[in-house]
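Note: the block below is entry.cif and it holds mmCIF, C-alpha atoms, pLDDT in the B column; chains and numbers go by the auth columns.
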data_work
#
loop_
_atom_site.group_PDB
_atom_site.id
_atom_site.type_symbol
_atom_site.label_atom_id
_atom_site.label_comp_id
_atom_site.label_asym_id
_atom_site.label_seq_id
_atom_site.Cartn_x
_atom_site.Cartn_y
_atom_site.Cartn_z
_atom_site.B_iso_or_equiv
_atom_site.auth_seq_id
_atom_site.auth_asym_id
ATOM 1 C CA GLN A 1 4.055 2.160 -19.018 55.00 4 R
ATOM 2 C CA LYS A 2 1.518 0.322 -16.838 63.00 5 R
ATOM 3 C CA ASN A 3 -1.366 2.125 -15.208 68.00 6 R
ATOM 4 C CA ILE A 4 -1.206 2.305 -11.413 69.00 7 R
ATOM 5 C CA ILE A 5 -4.418 1.639 -9.520 74.00 8 R
ATOM 6 C CA ILE A 6 -4.675 2.991 -5.972 75.00 9 R
ATOM 7 C CA LYS A 7 -7.443 1.697 -3.726 80.00 10 R
ATOM 8 C CA LEU A 8 -8.276 3.272 -0.368 82.00 11 R
ATOM 9 C CA LYS A 9 -9.945 1.324 2.413 81.00 12 R
ATOM 10 C CA ASN A 10 -11.693 3.195 5.201 81.00 13 R
ATOM 11 C CA ILE A 11 -11.044 1.779 8.660 81.00 14 R
ATOM 12 C CA THR A 12 -11.709 3.032 12.192 77.00 15 R
ATOM 13 C CA PRO A 13 -9.607 6.166 12.930 75.00 16 R
ATOM 14 C CA TYR A 14 -6.602 5.655 15.237 74.00 17 R
ATOM 15 C CA ILE A 15 -7.020 1.885 14.970 83.00 18 R
ATOM 16 C CA GLY A 16 -3.274 1.432 15.441 86.00 19 R
ATOM 17 C CA ILE A 17 -0.388 0.840 13.087 89.00 20 R
ATOM 18 C CA ALA A 18 -0.343 -2.945 13.534 92.00 21 R
ATOM 19 C CA THR A 19 -4.034 -3.361 12.688 92.00 22 R
ATOM 20 C CA ALA A 20 -3.748 -0.942 9.765 91.00 23 R
ATOM 21 C CA ARG A 21 -0.883 -2.974 8.286 93.00 24 R
ATOM 22 C CA ASN A 22 -2.772 -6.208 8.834 94.00 25 R
ATOM 23 C CA VAL A 23 -5.825 -4.851 7.017 92.00 26 R
ATOM 24 C CA GLY A 24 -3.610 -3.680 4.156 91.00 27 R
ATOM 25 C CA GLY A 25 -1.684 -6.949 3.991 93.00 28 R
ATOM 26 C CA ILE A 26 -4.782 -9.136 4.028 92.00 29 R
ATOM 27 C CA ASN A 27 -6.645 -7.078 1.413 90.00 30 R
ATOM 28 C CA ALA A 28 -3.688 -6.395 -0.888 90.00 31 R
ATOM 29 C CA LYS A 29 -3.536 -7.943 -4.345 87.00 32 R
ATOM 30 C CA GLY A 30 -0.410 -9.450 -5.859 88.00 33 R
ATOM 31 C CA ASP A 31 2.380 -11.585 -4.463 93.00 34 R
ATOM 32 C CA TYR A 32 4.177 -9.053 -2.216 94.00 35 R
ATOM 33 C CA VAL A 33 3.215 -6.303 0.231 94.00 36 R
ATOM 34 C CA ALA A 34 5.343 -3.240 1.060 94.00 37 R
ATOM 35 C CA PHE A 35 4.541 -0.771 3.851 93.00 38 R
ATOM 36 C CA LEU A 36 5.307 2.934 4.131 93.00 39 R
ATOM 37 C CA ASP A 37 4.780 4.885 7.373 90.00 40 R
ATOM 38 C CA ASP A 38 3.347 8.377 7.003 88.00 41 R
ATOM 39 C CA ASP A 39 6.521 10.140 8.210 89.00 42 R
ATOM 40 C CA ASP A 40 9.008 8.037 6.189 94.00 43 R
ATOM 41 C CA PHE A 41 9.632 7.862 2.464 94.00 44 R
ATOM 42 C CA TRP A 42 11.244 5.695 -0.198 95.00 45 R
ATOM 43 C CA PRO A 43 13.793 6.707 -2.836 93.00 46 R
ATOM 44 C CA LYS A 44 12.540 6.722 -6.419 90.00 47 R
ATOM 45 C CA ASN A 45 13.797 3.228 -7.303 89.00 48 R
ATOM 46 C CA TYR A 46 12.924 1.477 -4.044 92.00 49 R
ATOM 47 C CA LEU A 47 10.481 -1.063 -5.489 90.00 50 R
ATOM 48 C CA LYS A 48 12.479 -1.463 -8.705 89.00 51 R
ATOM 49 C CA ASN A 49 15.610 -2.333 -6.712 89.00 52 R
ATOM 50 C CA PHE A 50 13.580 -4.857 -4.735 91.00 53 R
ATOM 51 C CA ILE A 51 12.375 -6.538 -7.926 90.00 54 R
ATOM 52 C CA ASN A 52 15.995 -6.821 -9.104 90.00 55 R
ATOM 53 C CA GLU A 53 17.021 -8.468 -5.815 89.00 56 R
ATOM 54 C CA ILE A 54 13.975 -10.684 -5.339 89.00 57 R
ATOM 55 C CA ASP A 55 14.444 -14.321 -4.386 92.00 58 R
ATOM 56 C CA LYS A 56 11.200 -16.312 -4.308 92.00 59 R
ATOM 57 C CA THR A 57 12.590 -18.778 -1.771 95.00 60 R
ATOM 58 C CA TYR A 58 12.369 -16.066 0.937 96.00 61 R
ATOM 59 C CA ASP A 59 9.226 -14.938 2.783 96.00 62 R
ATOM 60 C CA CYS A 60 10.297 -11.478 3.962 96.00 63 R
ATOM 61 C CA PHE A 61 12.851 -8.878 2.881 96.00 64 R
ATOM 62 C CA ILE A 62 14.522 -6.127 4.921 95.00 65 R
ATOM 63 C CA CYS A 63 16.579 -3.213 3.580 93.00 66 R
ATOM 64 C CA LYS A 64 18.890 -0.729 5.302 92.00 67 R
ATOM 65 C CA ILE A 65 17.638 2.565 6.722 93.00 68 R
ATOM 66 C CA VAL A 66 18.838 6.129 6.140 93.00 69 R
ATOM 67 C CA GLY A 67 17.807 8.584 8.860 93.00 70 R
ATOM 68 C CA PHE A 68 16.755 12.184 8.230 93.00 71 R
ATOM 69 C CA ASN A 69 15.809 15.207 10.318 90.00 72 R
ATOM 70 C CA ASN A 70 15.701 18.922 9.417 88.00 73 R
ATOM 71 C CA ASN A 71 16.802 18.090 5.835 87.00 74 R
ATOM 72 C CA ILE A 72 19.929 16.361 7.142 91.00 75 R
ATOM 73 C CA PHE A 73 20.476 12.751 6.041 92.00 76 R
ATOM 74 C CA PHE A 74 22.694 10.300 7.897 91.00 77 R
ATOM 75 C CA LYS A 75 23.392 6.595 8.286 87.00 78 R
ATOM 76 C CA TRP A 76 20.826 5.124 10.649 88.00 79 R
ATOM 77 C CA LYS A 77 20.796 1.325 10.796 87.00 80 R
ATOM 78 C CA THR A 78 22.027 -1.438 8.527 87.00 81 R
ATOM 79 C CA PRO A 79 20.524 -4.809 9.394 91.00 82 R
ATOM 80 C CA THR A 80 22.647 -7.870 8.656 91.00 83 R
ATOM 81 C CA ILE A 81 21.638 -11.507 8.607 89.00 84 R
ATOM 82 C CA SER A 82 23.891 -12.170 11.603 89.00 85 R
ATOM 83 C CA LYS A 83 21.845 -9.661 13.627 91.00 86 R
ATOM 84 C CA ILE A 84 18.503 -11.108 12.536 93.00 87 R
ATOM 85 C CA LYS A 85 18.580 -13.873 15.133 92.00 88 R
ATOM 86 C CA ILE A 86 15.734 -14.438 17.573 94.00 89 R
ATOM 87 C CA GLN A 87 17.694 -13.909 20.823 91.00 90 R
ATOM 88 C CA ASN A 88 19.380 -10.815 19.330 92.00 91 R
ATOM 89 C CA LEU A 89 16.028 -9.355 18.288 93.00 92 R
ATOM 90 C CA PHE A 90 14.630 -9.743 21.792 92.00 93 R
ATOM 91 C CA ILE A 91 17.323 -7.357 23.060 89.00 94 R
ATOM 92 C CA LYS A 92 17.671 -4.744 20.328 88.00 95 R
ATOM 93 C CA ASN A 93 16.369 -3.659 16.957 90.00 96 R
ATOM 94 C CA PRO A 94 19.137 -3.911 14.332 92.00 97 R
ATOM 95 C CA GLY A 95 17.150 -1.916 11.781 92.00 98 R
ATOM 96 C CA ILE A 96 13.589 -3.101 11.314 94.00 99 R
ATOM 97 C CA ASN A 97 10.628 -0.804 10.809 91.00 100 R
ATOM 98 C CA GLY A 98 7.490 -0.989 8.734 92.00 101 R
ATOM 99 C CA SER A 99 8.870 1.121 5.915 94.00 102 R
ATOM 100 C CA ASN A 100 11.810 -1.171 5.169 95.00 103 R
ATOM 101 C CA LEU A 101 9.874 -4.457 5.059 95.00 104 R
ATOM 102 C CA ILE A 102 8.536 -6.265 2.002 95.00 105 R
ATOM 103 C CA VAL A 103 6.572 -9.407 2.733 96.00 106 R
ATOM 104 C CA LYS A 104 5.061 -12.217 0.698 95.00 107 R
ATOM 105 C CA LYS A 105 1.296 -11.780 0.584 94.00 108 R
ATOM 106 C CA LYS A 106 0.693 -15.398 1.656 93.00 109 R
ATOM 107 C CA VAL A 107 2.638 -14.779 4.891 93.00 110 R
ATOM 108 C CA PHE A 108 -0.450 -13.025 6.280 92.00 111 R
ATOM 109 C CA LYS A 109 -2.233 -16.367 6.396 89.00 112 R
ATOM 110 C CA ASP A 110 0.160 -17.470 9.146 89.00 113 R
ATOM 111 C CA CYS A 111 1.424 -14.299 10.802 94.00 114 R
ATOM 112 C CA LEU A 112 0.098 -10.803 11.560 95.00 115 R
ATOM 113 C CA PHE A 113 1.486 -7.671 13.208 96.00 116 R
ATOM 114 C CA ASP A 114 0.740 -7.804 16.938 95.00 117 R
ATOM 115 C CA LYS A 115 -1.871 -5.144 17.722 91.00 118 R
ATOM 116 C CA LYS A 116 -1.243 -5.530 21.484 89.00 119 R
ATOM 117 C CA LEU A 117 2.239 -4.015 21.212 87.00 120 R
ATOM 118 C CA LYS A 118 2.515 -0.225 21.453 80.00 121 R
ATOM 119 C CA THR A 119 6.031 -0.277 19.994 84.00 122 R
ATOM 120 C CA GLY A 120 8.204 -2.900 18.331 88.00 123 R
ATOM 121 C CA GLU A 121 5.356 -4.522 16.401 92.00 124 R
ATOM 122 C CA ASP A 122 7.573 -4.519 13.293 93.00 125 R
ATOM 123 C CA LYS A 123 10.434 -6.297 15.078 94.00 126 R
ATOM 124 C CA SER A 124 7.941 -8.665 16.720 96.00 127 R
ATOM 125 C CA PHE A 125 6.562 -9.498 13.272 97.00 128 R
ATOM 126 C CA ILE A 126 10.027 -10.677 12.170 97.00 129 R
ATOM 127 C CA ILE A 127 10.490 -12.683 15.386 97.00 130 R
ATOM 128 C CA ASP A 128 7.137 -14.404 14.836 97.00 131 R
ATOM 129 C CA LEU A 129 8.134 -15.232 11.248 97.00 132 R
ATOM 130 C CA LEU A 130 11.402 -16.772 12.425 96.00 133 R
ATOM 131 C CA LEU A 131 9.587 -18.760 15.116 96.00 134 R
ATOM 132 C CA LYS A 132 7.436 -20.191 12.305 95.00 135 R
ATOM 133 C CA ASN A 133 10.608 -21.073 10.337 95.00 136 R
ATOM 134 C CA LYS A 134 10.010 -18.440 7.653 95.00 137 R
ATOM 135 C CA LYS A 135 13.034 -17.171 5.707 95.00 138 R
ATOM 136 C CA VAL A 136 14.213 -13.559 5.875 96.00 139 R
ATOM 137 C CA LYS A 137 16.605 -11.924 3.394 94.00 140 R
ATOM 138 C CA ILE A 138 18.585 -8.674 3.713 94.00 141 R
ATOM 139 C CA LEU A 139 18.468 -6.516 0.572 91.00 142 R
ATOM 140 C CA LYS A 140 21.840 -5.059 -0.442 87.00 143 R
ATOM 141 C CA LYS A 141 20.831 -2.222 -2.774 85.00 144 R
ATOM 142 C CA SER A 142 17.461 -1.101 -1.436 87.00 145 R
ATOM 143 C CA TYR A 143 17.053 1.391 1.422 91.00 146 R
ATOM 144 C CA SER A 144 14.314 3.530 2.950 94.00 147 R
ATOM 145 C CA TYR A 145 14.322 6.902 4.714 94.00 148 R
ATOM 146 C CA TYR A 146 13.308 7.038 8.383 92.00 149 R
ATOM 147 C CA TYR A 147 12.249 10.246 10.147 89.00 150 R
ATOM 148 C CA ALA A 148 14.538 10.269 13.207 84.00 151 R
ATOM 149 C CA SER A 149 12.734 12.617 15.585 74.00 152 R
ATOM 150 C CA LYS A 150 12.991 12.894 19.388 64.00 153 R
ATOM 151 C CA ASP A 151 9.413 14.115 19.634 59.00 154 R
ATOM 152 C CA LYS A 152 7.588 12.539 22.611 53.00 155 R
ATOM 153 C CA THR A 153 4.697 11.630 20.322 53.00 156 R
ATOM 154 C CA LYS A 154 6.992 9.341 18.327 57.00 157 R
ATOM 155 C CA LEU A 155 6.759 5.689 19.292 56.00 158 R
ATOM 156 C CA SER A 156 10.565 5.597 19.348 57.00 159 R
ATOM 157 C CA HIS A 157 10.647 8.049 22.294 64.00 160 R
ATOM 158 C CA SER A 158 12.143 6.498 25.458 67.00 161 R
ATOM 159 C CA SER A 159 8.843 6.577 27.401 73.00 162 R
ATOM 160 C CA ASN A 160 7.152 4.569 24.659 74.00 163 R
ATOM 161 C CA VAL A 161 10.157 2.252 24.312 77.00 164 R
ATOM 162 C CA LEU A 162 9.845 1.456 28.030 82.00 165 R
ATOM 163 C CA VAL A 163 6.252 0.300 27.573 81.00 166 R
ATOM 164 C CA GLY A 164 7.332 -1.709 24.536 80.00 167 R
ATOM 165 C CA LYS A 165 10.178 -3.447 26.412 85.00 168 R
ATOM 166 C CA VAL A 166 7.820 -4.590 29.174 88.00 169 R
ATOM 167 C CA SER A 167 5.273 -5.856 26.630 89.00 170 R
ATOM 168 C CA PHE A 168 8.035 -7.703 24.767 89.00 171 R
ATOM 169 C CA LEU A 169 9.218 -9.362 27.965 91.00 172 R
ATOM 170 C CA LYS A 170 5.695 -10.584 28.703 93.00 173 R
ATOM 171 C CA LYS A 171 5.049 -11.842 25.167 94.00 174 R
ATOM 172 C CA TYR A 172 8.303 -13.757 24.662 95.00 175 R
ATOM 173 C CA PHE A 173 9.236 -14.626 28.249 94.00 176 R
ATOM 174 C CA PHE A 174 9.221 -18.390 27.625 94.00 177 R
ATOM 175 C CA GLN A 175 11.154 -18.086 24.341 94.00 178 R
ATOM 176 C CA MET A 176 13.946 -16.037 25.927 94.00 179 R
ATOM 177 C CA ASP A 177 17.023 -17.611 27.446 93.00 180 R
ATOM 178 C CA PHE A 178 18.082 -16.535 30.961 94.00 181 R
ATOM 179 C CA LYS A 179 20.831 -14.212 29.745 93.00 182 R
ATOM 180 C CA THR A 180 18.419 -12.386 27.429 93.00 183 R
ATOM 181 C CA LYS A 181 15.885 -11.891 30.235 93.00 184 R
ATOM 182 C CA ILE A 182 18.530 -10.317 32.453 93.00 185 R
ATOM 183 C CA LYS A 183 19.632 -7.941 29.675 91.00 186 R
ATOM 184 C CA ILE A 184 16.070 -6.808 29.020 90.00 187 R
ATOM 185 C CA LEU A 185 15.392 -6.278 32.720 92.00 188 R
ATOM 186 C CA LEU A 186 18.498 -4.073 32.873 91.00 189 R
ATOM 187 C CA GLN A 187 17.229 -2.122 29.843 87.00 190 R
ATOM 188 C CA VAL A 188 13.861 -1.638 31.577 87.00 191 R
ATOM 189 C CA TYR A 189 15.647 -0.441 34.741 86.00 192 R
ATOM 190 C CA TYR A 190 17.731 2.063 32.729 85.00 193 R
ATOM 191 C CA LEU A 191 14.632 3.402 30.916 83.00 194 R
ATOM 192 C CA LEU A 192 12.796 3.763 34.222 83.00 195 R
ATOM 193 C CA LEU A 193 15.640 5.861 35.622 82.00 196 R
ATOM 194 C CA LYS A 194 15.844 7.905 32.430 77.00 197 R
ATOM 195 C CA ASN A 195 12.134 8.735 32.469 70.00 198 R
ATOM 196 C CA PHE A 196 12.018 9.277 36.230 68.00 199 R
ATOM 197 C CA LYS A 197 14.688 11.999 35.988 65.00 200 R
ATOM 198 C CA LYS A 198 12.664 14.021 33.450 58.00 201 R
#

Give the structure from this file in structure tokens form.
Amino acid sequence: QKNIIIKLKNITPYIGIATARNVGGINAKGDYVAFLDDDDFWPKNYLKNFINEIDKTYDCFICKIVGFNNNIFFKWKTPTISKIKIQNLFIKNPGINGSNLIVKKKVFKDCLFDKKLKTGEDKSFIIDLLLKNKKVKILKKSYSYYYASKDKTKLSHSSNVLVGKVSFLKKYFFQMDFKTKIKILLQVYYLLLKNFKK
């Protein structure tokens, strides 16, 4: 059995999830980088399953997500290659978060997580990879566990999603087709009404 070496790197507190991942990705050793958010977790054989499914011709790997809350586990999102298309990703997230991504280390030379985005930096990372013609593969056996909470402090809360949608529209406005822009504007309108009623 190989020894496992864990190295901690001190960075500025509350520096943001995107910057923290970038620091980890840039400083990591080895050929691949996997991320785990503090409120998610991996099953025991997560990395082993990845190694069994690895294909060196791909730059990034995404697995399915199992949601959990109050010790209840349920199907959350299952990304498919048909859903991992740029125009689709502008509109919705088919199942991408930091904890279900494994990326080639050398990818960080060309692409980083966007620290300007409050939410959706994980989805944006995949979009930026695709815009640079990087290859993404969906893992069939691997999966991660996502803490599905409605807490307002969660970035997935509707008020935070609203901010993220507007930021996304600004960042990718010239890459979006007309139909996609209209759909996102309708999503922003719906989120505004939803938050205004609270």

Can you tell me how far atom CA of Ile94 of chain R sits from atom CA of Ile187 of chain R, in Å to one decimal?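 Computed distance, atom CA of Ile94 of chain R to atom CA of Ile187 of chain R, equals 6.1 Å.
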
Please measure the separation of atom CA of Val110 of chain R and atom CA of Lys51 of chain R, giving the value in Å to one decimal.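 Going from atom CA of Val110 of chain R over to atom CA of Lys51 of chain R, I get 21.4 Å.
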
Excluding segment 127-142 of chain R and any residue of its chain fewer than 3 positions from it, enumerate the residues within 7 Å of it, using all atoms listed in the file, and give them as a PDB file with C-alpha atoms, keeping the file's coordinate frame.
ATOM      1  CA  GLU R  56      17.021  -8.468  -5.815  1.00 89.00           C
ATOM      2  CA  TYR R  61      12.369 -16.066   0.937  1.00 96.00           C
ATOM      3  CA  ASP R  62       9.226 -14.938   2.783  1.00 96.00           C
ATOM      4  CA  CYS R  63      10.297 -11.478   3.962  1.00 96.00           C
ATOM      5  CA  PHE R  64      12.851  -8.878   2.881  1.00 96.00           C
ATOM      6  CA  ILE R  65      14.522  -6.127   4.921  1.00 95.00           C
ATOM      7  CA  CYS R  66      16.579  -3.213   3.580  1.00 93.00           C
ATOM      8  CA  THR R  83      22.647  -7.870   8.656  1.00 91.00           C
ATOM      9  CA  ILE R  84      21.638 -11.507   8.607  1.00 89.00           C
ATOM     10  CA  ILE R  89      15.734 -14.438  17.573  1.00 94.00           C
ATOM     11  CA  CYS R 114       1.424 -14.299  10.802  1.00 94.00           C
ATOM     12  CA  LEU R 115       0.098 -10.803  11.560  1.00 95.00           C
ATOM     13  CA  PHE R 116       1.486  -7.671  13.208  1.00 96.00           C
ATOM     14  CA  GLY R 123       8.204  -2.900  18.331  1.00 88.00           C
ATOM     15  CA  GLU R 124       5.356  -4.522  16.401  1.00 92.00           C
ATOM     16  CA  SER R 145      17.461  -1.101  -1.436  1.00 87.00           C
TER      17      SER R 145
END

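The two atoms in question, atom CA of Ile185 of chain R and atom CA of Ala21 of chain R, are spaced 27.7 Å apart.
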
Selection under test: the PyMOL selection byres ((chain R and resi 99) around 10); residues as a PyMOL selection string: chain R and resi 65-68+80-82+87+92+96-98+100-104+123-129

Counting all atoms listed in the file, which of R:Lys118, R:Lys112, R:Lys47, R:Lys143 gets nearest to Ala23 of chain R?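 Checking each candidate against Ala23 of chain R, we get R:Lys118 as the closest.
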
Do a neighbour search on Thr183 of chain R at 10 Å with all atoms listed in the file, toss out local chain neighbours closer than 5 positions, and write the hits as a count of residues only. 10

Explicit residues for the PyMOL selection byres ((chain R and resi 71) around 12) (as a ChimeraX atom specification): /R:42-45,68-70,72-80,147-153

Distance query Val36 of chain R at most 6 Å, only C-alpha atoms, self and fewer than 2 positions along chain excluded, as a PDB file with C-alpha atoms, in the frame of the given file:
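Contents of the output file result-v1.pdb:
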ATOM      1  CA  ILE R 105       8.536  -6.265   2.002  1.00 95.00           C
ATOM      2  CA  VAL R 106       6.572  -9.407   2.733  1.00 96.00           C
ATOM      3  CA  LYS R 108       1.296 -11.780   0.584  1.00 94.00           C
TER       4      LYS R 108
END

I need the residue nearest Lys95 of chain R from this list: R:Ile18, R:Asn48, R:Leu39, R:Gln190. Use all atoms listed in the file for the distance.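 Nearest to Lys95 of chain R: R:Gln190.
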
Nearest to Lys109 of chain R, chosen from R:Val26, R:Ile9, R:Ile14, R:Ala31, with all atoms listed in the file counted in the distances: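 Under the stated criterion, the closest residue is R:Ala31.
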
Using only the atoms of segment 9-17 of chain R listed in the file, plus 5 Å on each side, state the axis-aligned box centre and edge lengths in Å rounded to one decimal, as JSON.
{"center_x": -8.2, "center_y": 3.7, "center_z": 4.6, "size_x": 17.0, "size_y": 14.8, "size_z": 31.2}

Using all atoms listed in the file for the distances, tell me which of R:Leu11, R:Phe181, R:Val191, R:Lys186 is nearest to Val164 of chain R.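 Closest candidate: R:Val191.
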